[in-house]
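Source file: work-v9.txt; contents: compact mmCIF, C-alpha atoms.
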# COMPACT_ATOMS: atom_id res chain seq x y z
CA VAL A 203 16.29 39.86 34.88
CA GLN A 204 14.77 43.35 35.00
CA LEU A 205 12.06 44.64 32.69
CA GLN A 206 11.27 48.24 31.82
CA ALA A 207 8.05 49.06 29.99
CA SER A 208 7.37 52.29 28.14
CA GLY A 209 5.15 53.79 25.49
CA GLY A 210 1.85 54.28 27.25
CA GLY A 211 -0.17 57.45 26.92
CA LEU A 212 -3.46 59.02 25.98
CA VAL A 213 -4.98 58.25 22.59
CA GLN A 214 -8.38 58.66 20.98
CA ALA A 215 -10.50 55.67 20.14
CA GLY A 216 -9.41 54.19 16.83
CA GLY A 217 -5.84 55.31 17.34
CA SER A 218 -2.64 53.37 17.85
CA LEU A 219 0.10 53.04 20.43
CA ARG A 220 3.24 50.96 20.59
CA LEU A 221 4.47 49.65 23.92
CA SER A 222 8.06 48.61 24.40
CA CYS A 223 9.63 46.37 27.04
CA ALA A 224 13.39 46.32 27.54
CA ALA A 225 14.99 43.38 29.33
CA SER A 226 18.32 43.62 31.13
CA GLY A 227 20.34 41.21 33.22
CA SER A 228 21.36 37.65 32.52
CA SER A 229 21.58 37.26 28.75
CA LEU A 230 21.13 33.51 29.07
CA SER A 231 17.89 33.97 30.99
CA ILE A 232 16.66 36.65 28.61
CA ARG A 233 17.26 34.54 25.52
CA SER A 234 15.50 31.56 27.06
CA MET A 235 12.39 33.29 28.35
CA GLY A 236 9.08 33.99 26.75
CA MET A 237 7.58 37.44 27.14
CA GLY A 238 4.10 38.76 27.47
CA TRP A 239 1.93 41.77 28.09
CA TYR A 240 -0.73 41.84 30.77
CA ARG A 241 -3.15 44.60 31.60
CA GLN A 242 -5.21 45.58 34.58
CA ALA A 243 -8.15 47.93 34.35
CA PRO A 244 -9.59 49.64 37.44
CA GLY A 245 -11.60 47.20 39.50
CA LYS A 246 -10.65 44.24 37.32
CA GLN A 247 -8.21 41.39 37.55
CA ARG A 248 -4.95 41.42 35.66
CA GLU A 249 -5.32 39.60 32.35
CA LEU A 250 -2.90 38.26 29.80
CA VAL A 251 -3.19 40.23 26.57
CA ALA A 252 -0.50 38.68 24.40
CA SER A 253 2.52 36.43 24.68
CA ILE A 254 5.44 35.42 22.52
CA PHE A 255 7.67 32.45 23.11
CA VAL A 256 11.28 31.72 22.28
CA ARG A 257 10.51 30.13 18.91
CA GLY A 258 8.13 32.92 17.97
CA THR A 259 4.79 31.35 18.83
CA THR A 260 2.28 34.02 19.77
CA ASN A 261 -1.00 33.98 21.63
CA TYR A 262 -3.62 36.69 22.07
CA ALA A 263 -6.64 37.29 24.22
CA ASP A 264 -9.82 37.11 22.16
CA SER A 265 -10.56 40.74 22.95
CA VAL A 266 -7.45 41.97 21.13
CA LYS A 267 -7.07 39.50 18.27
CA GLY A 268 -6.71 41.29 14.96
CA ARG A 269 -5.93 44.60 16.66
CA PHE A 270 -2.80 43.97 18.73
CA THR A 271 0.49 42.48 17.59
CA ILE A 272 3.26 41.27 19.86
CA SER A 273 6.80 41.02 18.56
CA ARG A 274 10.34 40.72 19.75
CA ASP A 275 13.65 41.97 18.38
CA GLY A 276 16.32 39.62 17.06
CA ALA A 277 18.46 39.92 20.16
CA LYS A 278 15.39 39.05 22.23
CA THR A 279 16.11 41.91 24.60
CA ARG A 280 13.00 43.87 23.65
CA ALA A 281 9.37 42.99 23.22
CA TYR A 282 6.78 45.23 21.62
CA LEU A 283 3.03 45.47 21.64
CA GLN A 284 1.58 47.29 18.65
CA MET A 285 -1.95 48.31 19.52
CA ASP A 286 -4.22 49.45 16.70
CA SER A 287 -7.90 50.30 16.54
CA LEU A 288 -7.85 51.06 20.24
CA LYS A 289 -11.10 51.09 22.16
CA PRO A 290 -11.99 52.77 25.45
CA GLU A 291 -12.19 49.31 27.02
CA ASP A 292 -8.47 48.88 26.31
CA THR A 293 -7.79 51.50 28.97
CA ALA A 294 -5.60 49.88 31.62
CA VAL A 295 -2.17 49.71 33.14
CA TYR A 296 -0.11 47.44 30.90
CA TYR A 297 2.62 45.26 32.37
CA CYS A 298 5.45 43.48 30.67
CA SER A 299 6.35 40.02 31.97
CA GLY A 300 9.07 37.50 31.31
CA PHE A 301 8.41 33.77 31.59
CA LEU A 302 11.56 32.05 32.79
CA PRO A 303 12.11 28.33 32.13
CA SER A 304 12.09 27.79 35.92
CA GLY A 305 8.41 28.76 35.94
CA ILE A 306 9.03 32.10 37.58
CA ASN A 307 7.52 35.23 36.06
CA VAL A 308 9.43 38.48 36.26
CA TRP A 309 7.56 41.76 36.06
CA GLY A 310 8.26 45.29 35.00
CA HIS A 311 6.52 48.40 36.22
CA GLY A 312 3.30 49.17 34.42
CA THR A 313 2.63 51.80 31.80
CA LEU A 314 -0.76 53.48 31.62
CA VAL A 315 -2.77 53.41 28.42
CA THR A 316 -5.84 55.63 28.30
CA VAL A 317 -8.19 55.51 25.34
CA SER A 318 -10.71 58.32 25.13
CA SER A 319 -14.02 57.97 23.36
Structure translated into structure tokens:
Amino acid sequence: VQLQASGGGLVQAGGSLRLSCAASGSSLSIRSMGMGWYRQAPGKQRELVASIFVRGTTNYADSVKGRFTISRDGAKTRAYLQMDSLKPEDTAVYYCSGFLPSGINVWGHGTLVTVSS
């Protein structure tokens, strides 16, 4: 499975961005995996921001609850992260990840989100 993230950019505080993650490869693996978004700010560890599982269960980091929404298309080949009310502290490289049933995580390249104050 390969993942391709897109949608990052520069936005003012209070603004919105929508990240997209496209999955390609084994359709069986794609349909059976959960997906999530991580982020890593300069000098900080990578953290899980949001995740969505095969049956639609979602989880969010406390820091983004009520502001970010993770979703997935019906074919389960794309995952999205709608980010509203962005804050400067949301500035980071955002990574898409797939959680395979085997326990292996697959990663896409990151996309930079910069929120100016």
Show which residues sit within 10 Å of Thr313 in chain A, as an mmCIF file with C-alpha atoms, in the coordinates of the input. Count all atoms listed in the file, and ignore same-chain residues fewer than 2 positions away.
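The resulting file, out.cif, is shown below:
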data_model
loop_
_atom_site.group_PDB
_atom_site.id
_atom_site.type_symbol
_atom_site.label_atom_id
_atom_site.label_comp_id
_atom_site.auth_asym_id
_atom_site.auth_seq_id
_atom_site.Cartn_x
_atom_site.Cartn_y
_atom_site.Cartn_z
ATOM 1 C CA GLN A 206 11.270 48.240 31.820
ATOM 2 C CA ALA A 207 8.050 49.060 29.990
ATOM 3 C CA SER A 208 7.370 52.290 28.140
ATOM 4 C CA GLY A 209 5.150 53.790 25.490
ATOM 5 C CA GLY A 210 1.850 54.280 27.250
ATOM 6 C CA GLY A 211 -0.170 57.450 26.920
ATOM 7 C CA LEU A 221 4.470 49.650 23.920
ATOM 8 C CA SER A 222 8.060 48.610 24.400
ATOM 9 C CA ARG A 241 -3.150 44.600 31.600
ATOM 10 C CA ALA A 294 -5.600 49.880 31.620
ATOM 11 C CA VAL A 295 -2.170 49.710 33.140
ATOM 12 C CA TYR A 296 -0.110 47.440 30.900
ATOM 13 C CA TYR A 297 2.620 45.260 32.370
ATOM 14 C CA CYS A 298 5.450 43.480 30.670
ATOM 15 C CA GLY A 310 8.260 45.290 35.000
ATOM 16 C CA HIS A 311 6.520 48.400 36.220
ATOM 17 C CA VAL A 315 -2.770 53.410 28.420
ATOM 18 C CA THR A 316 -5.840 55.630 28.300
#
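Residues in contact with Gln242 in chain A at 10 Å, where only C-alpha atoms are counted and same-chain residues fewer than 2 positions away are skipped, are listed as Tyr240, Pro244, Gly245, Lys246, Gln247, Arg248, Glu249, Leu250, Val251, Asp292, Thr293, Ala294, Val295, Tyr296, Tyr297, Gly312 and Leu314 of chain A.
Considering the residues A:Ala281, A:Ile272, A:Val213, A:Ala243 and counting all atoms listed in the file, Gly300 in chain A has its shortest atom-to-atom contact with A:Ala281.
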key: Long-range neighbours of Ser231 in chain A as a count of residues only, 9 Å cut-off, only C-alpha atoms, 3 positions minimum in chain   = 7
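Here CA of Ser304 in chain A is placed at a distance of 11.5 Å from CA of Gly236 in chain A.
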query = If you measure from CA of Gly305 in chain A to CA of Gly276 in chain A, what distance in Å do you get, rounded to one decimal?
reply = 23.2 Å
message = Set the distance at 6 Å and use all atoms listed in the file: which residues neighbour Ala224 in chain A once local chain neighbours fewer than 4 positions away are removed? I'd like the list as a list in words.
response = Leu205, Gln206, Thr279 and Arg280 of chain A
remark   = Students should find that CA of Asn261 in chain A and CA of Ser287 in chain A are spaced 18.4 Å
Edge lengths and centre in Å to one decimal, as JSON, of the axis-aligned box that encloses all listed atoms of range 250-269 of chain A with 3 Å added on every side?
{"center_x": 0.4, "center_y": 37.4, "center_z": 22.4, "size_x": 27.8, "size_y": 20.5, "size_z": 20.8}
ask   = Using all atoms listed in the file, can you list as number ranges by chain the residues within 9 Å of (-3.6, 43.5, 19.5)?
value = A: 251-252, 262-263, 265-272, 283-288
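Residue nearest Ser319 in chain A within the list A:Arg220, A:Tyr282, A:Gln204, A:Gln214: A:Gln214 [criterion: smallest interatomic distance, only C-alpha atoms].
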ask   = Taking into account all atoms listed in the file, which residue in the set A:Ser218, A:Ser273, A:Ser318, A:Asn307 is nearest to Ile254 in chain A?
value = A:Ser273
Copy chain A out of the block into a file, keeping C-alpha atoms, as a compact mmCIF listing (two decimals), in the first residue's frame.
# COMPACT_ATOMS: atom_id res chain seq x y z
CA VAL A 203 0.00 0.00 0.00
CA GLN A 204 1.25 3.49 -0.86
CA LEU A 205 -0.09 6.72 0.59
CA GLN A 206 0.09 10.20 -0.91
CA ALA A 207 -0.80 13.20 1.23
CA SER A 208 -1.65 16.63 -0.12
CA GLY A 209 -3.37 19.86 0.83
CA GLY A 210 -0.91 21.55 3.14
CA GLY A 211 -0.07 25.20 2.88
CA LEU A 212 0.07 28.55 4.60
CA VAL A 213 -3.02 29.87 6.35
CA GLN A 214 -3.77 32.60 8.87
CA ALA A 215 -4.85 31.75 12.38
CA GLY A 216 -8.57 31.04 12.45
CA GLY A 217 -8.54 29.74 8.91
CA SER A 218 -9.16 26.29 7.48
CA LEU A 219 -7.34 23.69 5.43
CA ARG A 220 -8.31 20.28 4.15
CA LEU A 221 -5.71 17.56 3.87
CA SER A 222 -6.22 14.59 1.61
CA CYS A 223 -4.56 11.18 1.62
CA ALA A 224 -4.86 8.87 -1.37
CA ALA A 225 -4.17 5.16 -0.94
CA SER A 226 -3.08 2.90 -3.79
CA GLY A 227 -2.06 -0.72 -4.02
CA SER A 228 -3.79 -3.81 -2.70
CA SER A 229 -7.51 -3.06 -2.56
CA LEU A 230 -8.01 -5.78 0.03
CA SER A 231 -5.41 -4.20 2.31
CA ILE A 232 -6.79 -0.71 1.75
CA ARG A 233 -10.35 -1.72 2.60
CA SER A 234 -9.24 -3.49 5.76
CA MET A 235 -6.98 -0.82 7.19
CA GLY A 236 -7.66 2.08 9.46
CA MET A 237 -6.17 5.45 8.59
CA GLY A 238 -4.85 8.31 10.59
CA TRP A 239 -3.10 11.64 10.53
CA TYR A 240 0.00 12.36 12.56
CA ARG A 241 1.93 15.58 12.84
CA GLN A 242 5.41 16.56 13.85
CA ALA A 243 6.34 20.08 14.80
CA PRO A 244 9.97 21.25 14.88
CA GLY A 245 11.76 19.86 17.90
CA LYS A 246 8.79 17.74 18.95
CA GLN A 247 7.84 14.11 18.68
CA ARG A 248 5.39 12.89 16.10
CA GLU A 249 1.90 12.73 17.55
CA LEU A 250 -1.34 11.13 16.46
CA VAL A 251 -3.88 13.81 15.58
CA ALA A 252 -6.85 11.79 14.39
CA SER A 253 -7.73 8.27 13.31
CA ILE A 254 -10.61 6.53 11.62
CA PHE A 255 -11.21 2.82 11.58
CA VAL A 256 -12.89 0.49 9.15
CA ARG A 257 -16.32 0.75 10.78
CA GLY A 258 -16.07 4.52 11.04
CA THR A 259 -14.95 4.93 14.64
CA THR A 260 -12.91 8.09 15.04
CA ASN A 261 -10.50 9.33 17.67
CA TYR A 262 -8.91 12.73 18.14
CA ALA A 263 -6.12 14.23 20.16
CA ASP A 264 -7.47 16.52 22.86
CA SER A 265 -5.71 19.47 21.27
CA VAL A 266 -7.77 19.23 18.08
CA LYS A 267 -11.16 18.01 19.31
CA GLY A 268 -13.95 20.21 18.02
CA ARG A 269 -11.70 21.78 15.38
CA PHE A 270 -10.52 18.90 13.20
CA THR A 271 -12.62 16.26 11.47
CA ILE A 272 -11.31 13.07 9.93
CA SER A 273 -13.32 11.29 7.27
CA ARG A 274 -12.98 8.70 4.58
CA ASP A 275 -14.64 8.22 1.21
CA GLY A 276 -16.99 5.34 0.50
CA ALA A 277 -14.41 3.40 -1.46
CA LYS A 278 -12.03 3.81 1.47
CA THR A 279 -9.24 4.87 -0.86
CA ARG A 280 -9.05 8.41 0.48
CA ALA A 281 -8.94 9.92 3.93
CA TYR A 282 -9.41 13.58 4.70
CA LEU A 283 -8.57 15.86 7.57
CA GLN A 284 -10.70 19.00 7.71
CA MET A 285 -8.92 21.50 9.92
CA ASP A 286 -10.87 24.53 11.12
CA SER A 287 -10.07 27.30 13.57
CA LEU A 288 -6.39 26.70 12.99
CA LYS A 289 -3.90 27.96 15.54
CA PRO A 290 -0.19 28.72 15.19
CA GLU A 291 0.52 25.69 17.38
CA ASP A 292 -1.01 23.49 14.67
CA THR A 293 2.00 24.30 12.50
CA ALA A 294 3.70 21.00 11.65
CA VAL A 295 4.41 18.47 8.97
CA TYR A 296 1.33 16.26 8.72
CA TYR A 297 1.65 12.60 7.79
CA CYS A 298 -0.96 10.17 6.63
CA SER A 299 -0.72 6.62 7.94
CA GLY A 300 -2.50 3.36 7.28
CA PHE A 301 -2.98 0.78 10.03
CA LEU A 302 -2.88 -2.68 8.50
CA PRO A 303 -4.50 -5.64 10.30
CA SER A 304 -1.03 -7.21 10.55
CA GLY A 305 -0.04 -4.41 12.92
CA ILE A 306 2.19 -2.71 10.40
CA ASN A 307 1.79 1.01 9.77
CA VAL A 308 2.37 2.37 6.30
CA TRP A 309 3.34 5.99 5.85
CA GLY A 310 3.03 8.64 3.20
CA HIS A 311 5.27 11.63 2.72
CA GLY A 312 4.39 14.58 4.88
CA THR A 313 2.66 17.78 3.90
CA LEU A 314 3.58 21.03 5.62
CA VAL A 315 0.93 23.11 7.34
CA THR A 316 1.95 26.57 8.48
CA VAL A 317 -0.41 28.72 10.51
CA SER A 318 0.56 32.35 10.85
CA SER A 319 -0.54 34.50 13.76
